[in-house]
$ cat model27.tsv   # TSV, C-alpha atoms
chain	number	residue	atom	x	y	z
A	1	MET	CA	0.00	0.00	0.00
A	2	LYS	CA	2.84	2.37	0.87
A	3	LYS	CA	4.42	1.60	-2.45
A	4	TYR	CA	1.32	2.76	-4.38
A	5	THR	CA	0.98	5.89	-2.26
A	6	VAL	CA	4.61	6.85	-2.85
A	7	THR	CA	4.21	6.22	-6.59
A	8	LEU	CA	1.07	8.37	-6.77
A	9	LEU	CA	2.78	11.16	-4.81
A	10	PHE	CA	5.79	10.98	-7.10
A	11	ILE	CA	3.57	11.26	-10.21
A	12	PHE	CA	1.59	14.13	-8.67
A	13	PHE	CA	4.72	16.16	-7.83
A	14	TYR	CA	6.25	15.39	-11.22
A	15	LEU	CA	3.17	16.74	-12.98
A	16	LEU	CA	3.26	19.90	-10.85
A	17	GLN	CA	6.84	20.62	-11.88
A	18	THR	CA	6.43	20.14	-15.63
A	19	PRO	CA	6.25	23.47	-17.42
A	20	SER	CA	2.91	24.46	-18.86
A	21	ILE	CA	2.49	25.33	-22.51
A	22	ALA	CA	4.18	28.67	-23.03
A	23	GLU	CA	2.58	31.49	-24.96
A	24	THR	CA	3.89	32.15	-28.43
A	25	ASP	CA	6.66	34.73	-28.57
A	26	TYR	CA	5.53	36.76	-31.58
A	27	ALA	CA	8.41	39.24	-31.29
A	28	THR	CA	10.91	36.41	-31.84
A	29	LEU	CA	8.83	34.97	-34.68
A	30	TYR	CA	8.75	38.42	-36.32
A	31	LYS	CA	12.50	38.80	-35.92
A	32	ASN	CA	13.27	35.35	-37.33
A	33	THR	CA	10.91	35.62	-40.32
A	34	ASN	CA	12.44	36.75	-43.60
A	35	SER	CA	10.67	38.73	-46.29
A	36	ALA	CA	9.60	36.98	-49.47
A	37	ASN	CA	12.54	36.25	-51.76
A	38	PHE	CA	10.49	36.32	-54.97
A	39	GLU	CA	8.28	38.68	-56.94
A	40	LEU	CA	5.28	38.00	-59.11
A	41	ILE	CA	5.30	39.11	-62.75
A	42	HIS	CA	3.11	42.22	-63.08
A	43	GLY	CA	1.64	41.45	-59.62
A	44	ILE	CA	-0.47	38.60	-60.98
A	45	ASP	CA	-1.24	35.67	-58.69
A	46	PRO	CA	-0.33	32.54	-60.72
A	47	TYR	CA	-3.22	30.50	-59.24
A	48	GLN	CA	-5.92	33.18	-59.48
A	49	ASN	CA	-7.57	31.78	-62.61
A	50	GLU	CA	-7.88	28.32	-61.03
A	51	ASP	CA	-9.64	29.83	-58.01
A	52	TYR	CA	-12.15	31.73	-60.10
A	53	GLN	CA	-12.87	28.67	-62.26
A	54	LYS	CA	-13.32	26.41	-59.24
A	55	TYR	CA	-15.51	28.59	-56.99
A	56	ALA	CA	-18.83	30.32	-57.60
A	57	TRP	CA	-17.53	33.67	-56.26
A	58	SER	CA	-14.33	35.14	-54.83
A	59	PRO	CA	-13.10	32.63	-52.25
A	60	PHE	CA	-10.91	35.00	-50.20
A	61	PRO	CA	-11.80	37.38	-47.36
A	62	LEU	CA	-11.90	41.13	-47.87
A	63	PHE	CA	-9.99	42.91	-45.10
A	64	ARG	CA	-9.90	46.60	-44.19
A	65	LEU	CA	-6.78	48.06	-42.60
A	66	SER	CA	-7.61	51.24	-40.70
A	67	SER	CA	-3.98	52.28	-40.15
A	68	ASP	CA	-0.62	51.68	-41.79
A	69	VAL	CA	1.29	48.55	-40.73
A	70	TYR	CA	4.92	47.67	-41.32
A	71	PHE	CA	6.72	44.43	-42.05
A	72	LYS	CA	10.51	44.44	-42.42
A	73	GLY	CA	10.78	47.63	-44.47
A	74	GLN	CA	7.46	47.22	-46.28
A	75	THR	CA	4.72	49.72	-45.52
A	76	ILE	CA	1.19	48.49	-46.08
A	77	PRO	CA	-1.04	51.58	-46.15
A	78	ALA	CA	-4.55	51.63	-44.77
A	79	GLY	CA	-7.16	50.40	-47.22
A	80	TYR	CA	-9.11	47.39	-48.44
A	81	TYR	CA	-7.26	44.20	-49.35
A	82	ILE	CA	-8.22	40.69	-50.40
A	83	LEU	CA	-6.13	38.31	-48.27
A	84	THR	CA	-5.02	35.25	-50.24
A	85	PRO	CA	-3.07	32.46	-48.48
A	86	ARG	CA	-0.64	30.69	-50.82
A	87	THR	CA	2.22	28.21	-50.58
A	88	MET	CA	5.18	29.29	-52.72
A	89	ASN	CA	8.66	27.74	-52.63
A	90	ASP	CA	7.57	25.42	-49.78
A	91	ARG	CA	6.65	28.38	-47.53
A	92	ASP	CA	3.32	29.89	-46.63
A	93	TYR	CA	2.56	33.49	-47.57
A	94	VAL	CA	-0.47	35.74	-47.55
A	95	PHE	CA	-0.91	37.96	-50.60
A	96	PHE	CA	-2.47	41.36	-50.04
A	97	LYS	CA	-4.38	42.02	-53.26
A	98	GLU	CA	-5.86	45.28	-54.43
A	99	ALA	CA	-7.90	45.55	-57.65
A	100	GLY	CA	-6.89	42.02	-58.64
A	101	LYS	CA	-3.13	42.66	-58.37
A	102	VAL	CA	-0.83	41.42	-55.61
A	103	LYS	CA	0.49	44.48	-53.79
A	104	TYR	CA	2.30	42.86	-50.85
A	105	ILE	CA	3.59	39.38	-50.06
A	106	ILE	CA	3.83	38.72	-46.33
A	107	PRO	CA	5.27	35.47	-44.89
A	108	VAL	CA	3.22	33.47	-42.40
A	109	VAL	CA	4.94	33.16	-39.01
A	110	LYS	CA	2.78	30.28	-37.80
A	111	LYS	CA	0.20	27.94	-39.37
A	112	GLU	CA	-2.29	25.79	-37.44
A	113	LEU	CA	-5.42	23.77	-38.05
A	114	VAL	CA	-8.74	25.48	-37.40
A	115	PRO	CA	-10.75	23.95	-34.52
A	116	VAL	CA	-13.59	21.73	-35.70
A	117	ASP	CA	-16.60	23.92	-34.76
A	118	PHE	CA	-14.91	27.31	-35.20
A	119	TYR	CA	-16.85	28.47	-38.25
A	120	HIS	CA	-20.13	27.13	-36.93
A	121	ASN	CA	-19.65	29.02	-33.64
A	122	ASN	CA	-18.25	32.29	-35.05
A	123	LEU	CA	-19.82	32.95	-38.45
A	124	PRO	CA	-23.30	34.45	-38.37
A	125	THR	CA	-26.14	32.50	-39.92
A	126	PRO	CA	-28.91	34.40	-41.69
A	127	LYS	CA	-32.34	34.42	-40.06
A	128	TYR	CA	-35.12	34.01	-42.57
A	129	THR	CA	-38.78	34.89	-42.33
A	130	LYS	CA	-41.26	32.13	-43.15
A	131	TRP	CA	-41.66	33.43	-46.70
A	132	GLN	CA	-37.88	33.70	-47.22
A	133	SER	CA	-37.31	30.16	-45.93
A	134	PHE	CA	-40.09	28.85	-48.22
A	135	CYS	CA	-38.49	30.62	-51.22
A	136	LYS	CA	-35.06	29.26	-50.27
A	137	LYS	CA	-36.41	25.69	-50.10
A	138	VAL	CA	-38.07	26.06	-53.50
A	139	ARG	CA	-34.90	27.57	-55.01
A	140	ASP	CA	-32.68	24.85	-53.50
A	141	GLY	CA	-35.07	22.17	-54.74
A	142	PHE	CA	-35.06	23.72	-58.21
A	143	TYR	CA	-31.24	23.74	-58.27
A	144	THR	CA	-31.01	20.10	-57.19
A	145	VAL	CA	-33.35	19.04	-60.01
A	146	PHE	CA	-31.68	21.25	-62.66
A	147	LYS	CA	-28.04	21.28	-61.62
A	148	ASN	CA	-25.95	24.23	-62.65
A	149	SER	CA	-23.84	23.23	-65.63
A	150	SER	CA	-20.80	25.11	-64.32
A	151	GLN	CA	-20.54	22.80	-61.27
A	152	LYS	CA	-18.82	25.55	-59.25
A	153	ALA	CA	-18.43	24.94	-55.56
A	154	PRO	CA	-19.07	27.43	-52.78
A	155	PRO	CA	-15.77	28.82	-51.43
A	156	PRO	CA	-14.22	27.66	-48.16
A	157	SER	CA	-15.25	29.50	-45.00
A	158	SER	CA	-12.99	32.33	-43.89
A	159	TYR	CA	-12.61	34.66	-40.93
A	160	VAL	CA	-10.07	37.33	-39.92
A	161	ILE	CA	-9.04	38.42	-36.41
A	162	THR	CA	-6.77	41.36	-35.58
A	163	GLU	CA	-5.33	42.23	-32.20
A	164	MET	CA	-2.59	44.42	-30.76
A	165	ILE	CA	0.15	42.42	-29.03
A	166	GLU	CA	3.37	43.19	-27.20
A	167	GLY	CA	3.25	46.98	-27.38
A	168	ASP	CA	3.87	48.06	-30.97
A	169	MET	CA	2.94	44.83	-32.79
A	170	TYR	CA	-0.22	43.66	-34.53
A	171	LEU	CA	-1.29	40.07	-34.95
A	172	ILE	CA	-3.55	39.22	-37.88
A	173	VAL	CA	-4.97	35.70	-37.94
A	174	VAL	CA	-6.49	34.63	-41.25
A	175	TYR	CA	-8.79	31.62	-40.97
A	176	TYR	CA	-9.20	30.10	-44.40
A	177	GLY	CA	-10.61	26.65	-44.97
A	178	GLU	CA	-8.98	24.18	-42.63
A	179	TYR	CA	-5.95	26.31	-41.68
A	180	LYS	CA	-5.31	29.52	-39.82
A	181	TYR	CA	-2.38	31.72	-40.78
A	182	TYR	CA	-0.65	34.07	-38.32
A	183	LEU	CA	0.86	37.34	-39.57
A	184	VAL	CA	2.81	39.74	-37.36
A	185	PHE	CA	3.29	43.45	-38.15
A	186	LYS	CA	4.76	46.48	-36.43
A	187	SER	CA	2.60	49.54	-35.88
A	188	THR	CA	5.58	51.90	-36.12
A	189	LYS	CA	8.31	52.13	-38.71
A	190	SER	CA	11.59	50.65	-37.49

$ encode --input "model27.tsv" --output "structure tokens"
Amino acid sequence: MKKYTVTLLFIFFYLLQTPSIAETDYATLYKNTNSANFELIHGIDPYQNEDYQKYAWSPFPLFRLSSDVYFKGQTIPAGYYILTPRTMNDRDYVFFKEAGKVKYIIPVVKKELVPVDFYHNNLPTPKYTKWQSFCKKVRDGFYTVFKNSSQKAPPPSSYVITEMIEGDMYLIVVYYGEYKYYLVFKSTKS
């Protein structure tokens, strides 16, 4: 009996001393991340045509920057941008597009899987009146009988979160499909 008690106490104290999961050090990630080492010809995304042929409408989130942000010598002015996650040269990047052209290429500092119910819990669902829900059912039934010849799929779900971290740094998290992409920016030029 004493042997089991000592073993349980040993396990309990061992678990107390193990370090907990540390928070991500975004300042170090920012410092260790290099700028993109390539440019796109005429600012054209090479996979853009595939996206627009595959999906029924633009599959990427529209994001509004309300102030200038800085990444390693690049200034991204305030404005509206379409955020497009891409993998180029075995690295993940987010393209900031404006009027169909890639304006800025920002490397992703961290990439993770999106939690299973994230979109269901965070994206709003439209509330229909009885007439609107009846019309939607009729329309959906009509489309299942007479399928659209283009066979375009609805785009993946997306979501964007922005927060200020560690004094003069911004964190932008782009949720797109099954992955979330972390981008770190400075709020002041350095």

$ closest_residue --input "model27.tsv" --among "A:Ser67, A:Thr33, A:Thr87, A:Ser157" --to "Val109 (chain A)" --atoms "all atoms listed in the file"
A:Thr33

$ residues_around --input "model27.tsv" --residues "Asn37 (chain A)" --least-positions-apart "3" --cutoff "10 Å" --atoms "all atoms listed in the file" --output "JSON, numbers by chain"
{"A": [34, 89, 105]}

$ write_last_selection --input "model27.tsv" --atoms "C-alpha atoms" --output "PDB file, in the coordinates of the input"
ATOM      1  CA  ASN A  34      12.440  36.750 -43.600  1.00  0.00           C
ATOM      2  CA  ASN A  89       8.660  27.740 -52.630  1.00  0.00           C
ATOM      3  CA  ILE A 105       3.590  39.380 -50.060  1.00  0.00           C
TER       4      ILE A 105
END

$ axis_aligned_box --input "model27.tsv" --around "region 160-173 of chain A" --padding-each-side "8 Å" --output "AutoDock Vina command-line options"
--center_x -3.1 --center_y 41.9 --center_z -33.6 --size_x 29.9 --size_y 28.4 --size_z 28.7

$ atom_distance --input "model27.tsv" --atom1 "CA of Asp168 (chain A)" --atom2 "CA of Ser187 (chain A)"
5.3 Å

$ atom_distance --input "model27.tsv" --atom1 "CA of Leu40 (chain A)" --atom2 "CA of Met169 (chain A)"
27.3 Å

$ residues_around --input "model27.tsv" --residues "Leu65 (chain A)" --least-positions-apart "5" --cutoff "10 Å" --atoms "only C-alpha atoms" --output "short mmCIF file (atom, residue, chain, number, x, y, z; two decimals) with C-alpha atoms, in the coordinates of the input"
data_model
loop_
_atom_site.label_atom_id
_atom_site.label_comp_id
_atom_site.auth_asym_id
_atom_site.auth_seq_id
_atom_site.Cartn_x
_atom_site.Cartn_y
_atom_site.Cartn_z
CA ILE A 76 1.19 48.49 -46.08
CA PRO A 77 -1.04 51.58 -46.15
CA ALA A 78 -4.55 51.63 -44.77
CA GLY A 79 -7.16 50.40 -47.22
CA TYR A 80 -9.11 47.39 -48.44
CA TYR A 81 -7.26 44.20 -49.35
CA THR A 162 -6.77 41.36 -35.58
#

$ closest_residue --input "model27.tsv" --among "A:Gln132, A:Asn122, A:Gln48, A:Thr84" --to "Tyr181 (chain A)" --atoms "all atoms listed in the file"
A:Thr84

$ closest_residue --input "model27.tsv" --among "A:Leu83, A:Val108, A:Ile172, A:Cys135" --to "Leu29 (chain A)" --atoms "only C-alpha atoms"
A:Val108

$ atom_distance --input "model27.tsv" --atom1 "CA of Val174 (chain A)" --atom2 "CA of Ser158 (chain A)"
7.4 Å

$ closest_residue --input "model27.tsv" --among "A:Asp25, A:Asp45, A:Asp51, A:Asp92" --to "Glu112 (chain A)" --atoms "all atoms listed in the file"
A:Asp92

$ residues_near_point --input "model27.tsv" --point "(-2.7, 39.1, -60.1)" --cutoff "8 Å" --atoms "all atoms listed in the file" --output "VMD selection string"
chain A and resid 42 to 46 48 97 100 to 102

$ write_last_selection --input "model27.tsv" --atoms "C-alpha atoms" --output "mmCIF file, in the frame of the given file"
data_model
loop_
_atom_site.group_PDB
_atom_site.id
_atom_site.type_symbol
_atom_site.label_atom_id
_atom_site.label_comp_id
_atom_site.auth_asym_id
_atom_site.auth_seq_id
_atom_site.Cartn_x
_atom_site.Cartn_y
_atom_site.Cartn_z
ATOM 1 C CA HIS A 42 3.110 42.220 -63.080
ATOM 2 C CA GLY A 43 1.640 41.450 -59.620
ATOM 3 C CA ILE A 44 -0.470 38.600 -60.980
ATOM 4 C CA ASP A 45 -1.240 35.670 -58.690
ATOM 5 C CA PRO A 46 -0.330 32.540 -60.720
ATOM 6 C CA GLN A 48 -5.920 33.180 -59.480
ATOM 7 C CA LYS A 97 -4.380 42.020 -53.260
ATOM 8 C CA GLY A 100 -6.890 42.020 -58.640
ATOM 9 C CA LYS A 101 -3.130 42.660 -58.370
ATOM 10 C CA VAL A 102 -0.830 41.420 -55.610
#

$ closest_residue --input "model27.tsv" --among "A:Lys137, A:Lys111, A:Lys54, A:Lys72" --to "Tyr182 (chain A)" --atoms "only C-alpha atoms"
A:Lys111

$ residues_around --input "model27.tsv" --residues "Ala36 (chain A)" --least-positions-apart "5" --cutoff "9 Å" --atoms "all atoms listed in the file" --output "compact mmCIF listing (two decimals) with C-alpha atoms, keeping the file's coordinate frame"
# COMPACT_ATOMS: atom_id res chain seq x y z
CA TYR A 93 2.56 33.49 -47.57
CA ILE A 105 3.59 39.38 -50.06
CA ILE A 106 3.83 38.72 -46.33
CA PRO A 107 5.27 35.47 -44.89

$ closest_residue --input "model27.tsv" --among "A:Tyr104, A:Phe134, A:Phe142, A:Tyr30" --to "Gln74 (chain A)" --atoms "all atoms listed in the file"
A:Tyr104
